[in-house]
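File shown: coords.pdb (PDB, C-alpha atoms).
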```pdb
ATOM      1  CA  MET A   1     155.086 150.855  60.836  1.00  0.00           C
ATOM      2  CA  THR A   2     155.640 147.751  63.011  1.00  0.00           C
ATOM      3  CA  ASP A   3     158.765 145.719  62.721  1.00  0.00           C
ATOM      4  CA  ILE A   4     158.648 141.982  62.134  1.00  0.00           C
ATOM      5  CA  SER A   5     160.353 140.975  65.419  1.00  0.00           C
ATOM      6  CA  ALA A   6     157.764 142.781  67.573  1.00  0.00           C
ATOM      7  CA  TYR A   7     154.934 141.237  65.552  1.00  0.00           C
ATOM      8  CA  LEU A   8     156.482 137.755  65.765  1.00  0.00           C
ATOM      9  CA  SER A   9     156.990 138.126  69.519  1.00  0.00           C
ATOM     10  CA  PHE A  10     153.349 139.180  69.942  1.00  0.00           C
ATOM     11  CA  VAL A  11     151.999 136.308  67.837  1.00  0.00           C
ATOM     12  CA  LEU A  12     154.152 133.685  69.562  1.00  0.00           C
ATOM     13  CA  LYS A  13     153.046 134.934  72.969  1.00  0.00           C
ATOM     14  CA  LEU A  14     149.392 134.641  71.960  1.00  0.00           C
ATOM     15  CA  PHE A  15     149.919 131.177  70.430  1.00  0.00           C
ATOM     16  CA  PHE A  16     151.551 130.015  73.639  1.00  0.00           C
ATOM     17  CA  ALA A  17     148.782 131.479  75.820  1.00  0.00           C
ATOM     18  CA  PHE A  18     145.922 130.002  73.813  1.00  0.00           C
ATOM     19  CA  GLY A  19     147.729 126.679  73.322  1.00  0.00           C
ATOM     20  CA  LEU A  20     148.198 126.394  77.064  1.00  0.00           C
ATOM     21  CA  ALA A  21     144.558 127.317  77.636  1.00  0.00           C
ATOM     22  CA  PHE A  22     143.289 124.458  75.511  1.00  0.00           C
ATOM     23  CA  GLU A  23     145.151 121.934  77.681  1.00  0.00           C
ATOM     24  CA  VAL A  24     142.910 122.712  80.683  1.00  0.00           C
ATOM     25  CA  PRO A  25     140.338 119.913  80.092  1.00  0.00           C
ATOM     26  CA  VAL A  26     143.083 117.343  79.591  1.00  0.00           C
ATOM     27  CA  ALA A  27     144.835 118.438  82.784  1.00  0.00           C
ATOM     28  CA  THR A  28     141.556 118.385  84.728  1.00  0.00           C
ATOM     29  CA  VAL A  29     140.635 114.884  83.596  1.00  0.00           C
ATOM     30  CA  LEU A  30     144.156 113.572  84.248  1.00  0.00           C
ATOM     31  CA  MET A  31     144.263 115.038  87.764  1.00  0.00           C
ATOM     32  CA  VAL A  32     140.938 113.421  88.656  1.00  0.00           C
ATOM     33  CA  ARG A  33     141.871 110.150  86.969  1.00  0.00           C
ATOM     34  CA  MET A  34     145.183 109.927  88.847  1.00  0.00           C
ATOM     35  CA  GLY A  35     143.411 110.651  92.134  1.00  0.00           C
ATOM     36  CA  MET A  36     145.150 113.969  92.810  1.00  0.00           C
ATOM     37  CA  THR A  37     141.793 115.669  93.312  1.00  0.00           C
ATOM     38  CA  THR A  38     138.072 114.963  93.057  1.00  0.00           C
ATOM     39  CA  THR A  39     135.348 116.491  90.946  1.00  0.00           C
ATOM     40  CA  GLU A  40     133.576 117.642  94.089  1.00  0.00           C
ATOM     41  CA  SER A  41     136.690 119.452  95.284  1.00  0.00           C
ATOM     42  CA  LEU A  42     137.127 121.158  91.917  1.00  0.00           C
ATOM     43  CA  ALA A  43     133.458 122.154  91.849  1.00  0.00           C
ATOM     44  CA  GLN A  44     133.827 123.777  95.288  1.00  0.00           C
ATOM     45  CA  LYS A  45     136.887 125.714  94.105  1.00  0.00           C
ATOM     46  CA  ARG A  46     135.134 126.980  90.966  1.00  0.00           C
ATOM     47  CA  PRO A  47     135.079 130.690  92.005  1.00  0.00           C
ATOM     48  CA  TYR A  48     138.835 130.658  92.622  1.00  0.00           C
ATOM     49  CA  ILE A  49     139.463 128.933  89.298  1.00  0.00           C
ATOM     50  CA  ILE A  50     137.420 131.576  87.457  1.00  0.00           C
ATOM     51  CA  VAL A  51     139.378 134.382  89.110  1.00  0.00           C
ATOM     52  CA  GLY A  52     142.601 132.489  88.346  1.00  0.00           C
ATOM     53  CA  ALA A  53     141.587 132.232  84.684  1.00  0.00           C
ATOM     54  CA  PHE A  54     141.184 136.004  84.502  1.00  0.00           C
ATOM     55  CA  VAL A  55     144.506 136.569  86.267  1.00  0.00           C
ATOM     56  CA  VAL A  56     146.268 134.242  83.830  1.00  0.00           C
ATOM     57  CA  GLY A  57     144.494 136.018  80.979  1.00  0.00           C
ATOM     58  CA  MET A  58     145.749 139.331  82.334  1.00  0.00           C
ATOM     59  CA  LEU A  59     149.344 138.106  82.561  1.00  0.00           C
ATOM     60  CA  LEU A  60     149.569 136.293  79.220  1.00  0.00           C
ATOM     61  CA  THR A  61     147.785 138.699  76.899  1.00  0.00           C
ATOM     62  CA  PRO A  62     148.382 142.283  75.819  1.00  0.00           C
ATOM     63  CA  PRO A  63     147.216 144.930  78.284  1.00  0.00           C
ATOM     64  CA  ASP A  64     143.600 145.304  77.215  1.00  0.00           C
ATOM     65  CA  ILE A  65     140.426 143.874  78.709  1.00  0.00           C
ATOM     66  CA  PHE A  66     139.234 142.396  75.400  1.00  0.00           C
ATOM     67  CA  SER A  67     142.246 140.065  75.028  1.00  0.00           C
ATOM     68  CA  GLN A  68     142.064 139.095  78.683  1.00  0.00           C
ATOM     69  CA  THR A  69     138.405 138.171  78.348  1.00  0.00           C
ATOM     70  CA  MET A  70     139.024 136.338  75.067  1.00  0.00           C
ATOM     71  CA  LEU A  71     141.466 134.067  76.922  1.00  0.00           C
ATOM     72  CA  ALA A  72     139.748 133.787  80.314  1.00  0.00           C
ATOM     73  CA  VAL A  73     136.263 132.848  79.109  1.00  0.00           C
ATOM     74  CA  PRO A  74     137.446 129.880  76.984  1.00  0.00           C
ATOM     75  CA  VAL A  75     139.649 128.706  79.873  1.00  0.00           C
ATOM     76  CA  TRP A  76     136.602 128.820  82.147  1.00  0.00           C
ATOM     77  CA  ILE A  77     134.431 126.959  79.614  1.00  0.00           C
ATOM     78  CA  LEU A  78     137.162 124.396  79.004  1.00  0.00           C
ATOM     79  CA  PHE A  79     137.504 123.874  82.765  1.00  0.00           C
ATOM     80  CA  GLU A  80     133.772 123.187  82.966  1.00  0.00           C
ATOM     81  CA  CYS A  81     134.103 120.710  80.062  1.00  0.00           C
ATOM     82  CA  GLY A  82     136.983 118.993  81.836  1.00  0.00           C
ATOM     83  CA  LEU A  83     134.937 118.811  85.034  1.00  0.00           C
ATOM     84  CA  TYR A  84     132.012 117.298  83.122  1.00  0.00           C
ATOM     85  CA  PHE A  85     134.200 114.670  81.461  1.00  0.00           C
ATOM     86  CA  SER A  86     135.893 113.952  84.792  1.00  0.00           C
ATOM     87  CA  LYS A  87     132.518 113.122  86.299  1.00  0.00           C
ATOM     88  CA  ILE A  88     131.903 110.717  83.439  1.00  0.00           C
ATOM     89  CA  ILE A  89     135.365 109.145  83.667  1.00  0.00           C
ATOM     90  CA  LYS A  90     135.601 108.801  87.439  1.00  0.00           C
ATOM     91  CA  ALA A  91     138.796 107.427  88.920  1.00  0.00           C
ATOM     92  CA  LYS A  92     138.069 103.741  89.260  1.00  0.00           C
ATOM     93  CA  PRO A  93     140.235 101.440  91.339  1.00  0.00           C
ATOM     94  CA  THR A  94     142.177  99.216  89.013  1.00  0.00           C
ATOM     95  CA  GLU A  95     141.836  95.532  89.583  1.00  0.00           C
ATOM     96  CA  ASP A  96     144.731  93.258  88.802  1.00  0.00           C
ATOM     97  CA  PRO A  97     143.396  90.320  86.779  1.00  0.00           C
ATOM     98  CA  HIS A  98     146.104  88.122  88.335  1.00  0.00           C
ATOM     99  CA  GLU A  99     145.120  89.054  91.877  1.00  0.00           C
ATOM    100  CA  LEU A 100     143.062  86.411  93.694  1.00  0.00           C
ATOM    101  CA  SER A 101     139.935  87.195  95.654  1.00  0.00           C
ATOM    102  CA  ASP A 102     139.549  86.135  99.296  1.00  0.00           C
ATOM    103  CA  ASP A 103     137.381  83.130  98.345  1.00  0.00           C
ATOM    104  CA  GLU A 104     139.961  81.921  95.818  1.00  0.00           C
ATOM    105  CA  ILE A 105     142.741  82.255  98.399  1.00  0.00           C
ATOM    106  CA  ASP A 106     140.736  80.176 100.909  1.00  0.00           C
ATOM    107  CA  GLU A 107     140.154  77.474  98.267  1.00  0.00           C
ATOM    108  CA  ASP A 108     143.869  77.393  97.373  1.00  0.00           C
ATOM    109  CA  VAL A 109     144.859  77.078 101.026  1.00  0.00           C
ATOM    110  CA  SER A 110     142.390  74.227 101.590  1.00  0.00           C
ATOM    111  CA  ASP A 111     143.732  72.476  98.466  1.00  0.00           C
ATOM    112  CA  LEU A 112     147.252  72.754  99.838  1.00  0.00           C
ATOM    113  CA  ASP A 113     146.134  71.303 103.195  1.00  0.00           C
ATOM    114  CA  ASP A 114     144.474  68.370 101.405  1.00  0.00           C
ATOM    115  CA  GLU A 115     147.679  67.652  99.465  1.00  0.00           C
ATOM    116  CA  ARG A 116     149.755  67.627 102.648  1.00  0.00           C
ATOM    117  CA  THR A 117     147.527  65.040 104.310  1.00  0.00           C
ATOM    118  CA  LEU A 118     147.896  62.655 101.392  1.00  0.00           C
TER     119      LEU A 118
END
```
Represent the structure from my file as structure tokens, please.
Amino acid sequence: MTDISAYLSFVLKLFFAFGLAFEVPVATVLMVRMGMTTTESLAQKRPYIIVGAFVVGMLLTPPDIFSQTMLAVPVWILFECGLYFSKIIKAKPTEDPHELSDDEIDEDVSDLDDERTL
């Protein structure tokens, strides 16, 4: 018969592992959006990320191949979803609405010169 503390420890460990796994698309999109990496770079590193997903699955789940696979495959799929959404939401340079363009700066300078001559 199992005791409640061992069962609770097991369940909390699995909740933590799967909860962390479902943050992968958010982390991927945020990294691309902040400019820390690019979608092309992540796509090139795909084989390493897949192996990393299985290693993390091995470390965070009980010692059987079924649990490892049940964690690693969703992490891989969620990474691919994050990569897809990152391509849609590319990191765009933010434009300050209060920042003047070069033409507007030239016009302002010429206006100032006209005022000085008066």
Fill in: Atomic separation - atom CA of Val55 of chain A relative to atom CA of Ala6 of chain A, Å
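Separation of atom CA of Ala6 of chain A and atom CA of Val55 of chain A: 23.7 Å.
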Discussion item. Between atom CA of Leu83 of chain A and atom CA of Leu20 of chain A, what distance in Å does the model show, to one decimal?
Written reply: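 Going from atom CA of Leu83 of chain A over to atom CA of Leu20 of chain A, I get 17.2 Å.
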Worksheet item: By how many Å are atom CA of Ala53 of chain A and atom CA of Pro74 of chain A apart?
Response: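 These atoms are spaced 9.1 Å apart.
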Item to complete: Within 9 Å of Thr61 of chain A, counting all atoms listed in the file, which residues show up once you throw out same-chain ones fewer than 5 positions away? Write them as a list in words, please.
Response: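 My list of contacting residues is Phe10, Lys13, Leu14, Ala17, Val56, Ser67, Gln68 and Leu71 of chain A.
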Item to complete: Identify which of the residues A:Glu40, A:Leu12, A:Ile49, A:Arg33 lies closest to Phe79 of chain A, counting all atoms listed in the file when measuring atom-to-atom distances.
Response: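 Nearest candidate to Phe79 of chain A out of A:Glu40, A:Leu12, A:Ile49, A:Arg33: A:Ile49.
Restricting the calculation to all atoms listed in the file, the smallest distance between Glu80 of chain A and any of A:Val24, A:Ile65, A:Met31, A:Met36 is found for A:Val24.
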Worksheet item: Using all atoms listed in the file, can you list as a list in words the residues within 12 Å of (134.9, 112.2, 80.4)?
Response: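 With a cut-off of 12 Å, the residues come to Pro25, Val26, Ala27, Thr28, Val29, Leu30, Val32, Arg33, Thr39, Glu80, Cys81, Gly82, Leu83, Tyr84, Phe85, Ser86, Lys87, Ile88, Ile89, Lys90 and Ala91 of chain A.
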Fill in: Residue with smallest distance to Pro47 of chain A - pool A:Ala21, A:Ser5, A:Trp76, A:Asp64, counting all atoms listed in the file
A:Trp76
Item to complete: Determine the nearest neighbour of Leu78 of chain A from the options A:Ile50, A:Ile4, A:Thr38, A:Phe16, counting all atoms listed in the file.
Response: A:Ile50
Centre, x/y/z edge lengths, axis-aligned box for segment 86-90 of chain A with 6 Å per side, as lines of an AutoDock Vina configuration file:
```
center_x = 133.9
center_y = 111.4
center_z = 85.4
size_x = 16.0
size_y = 17.2
size_z = 16.0
```
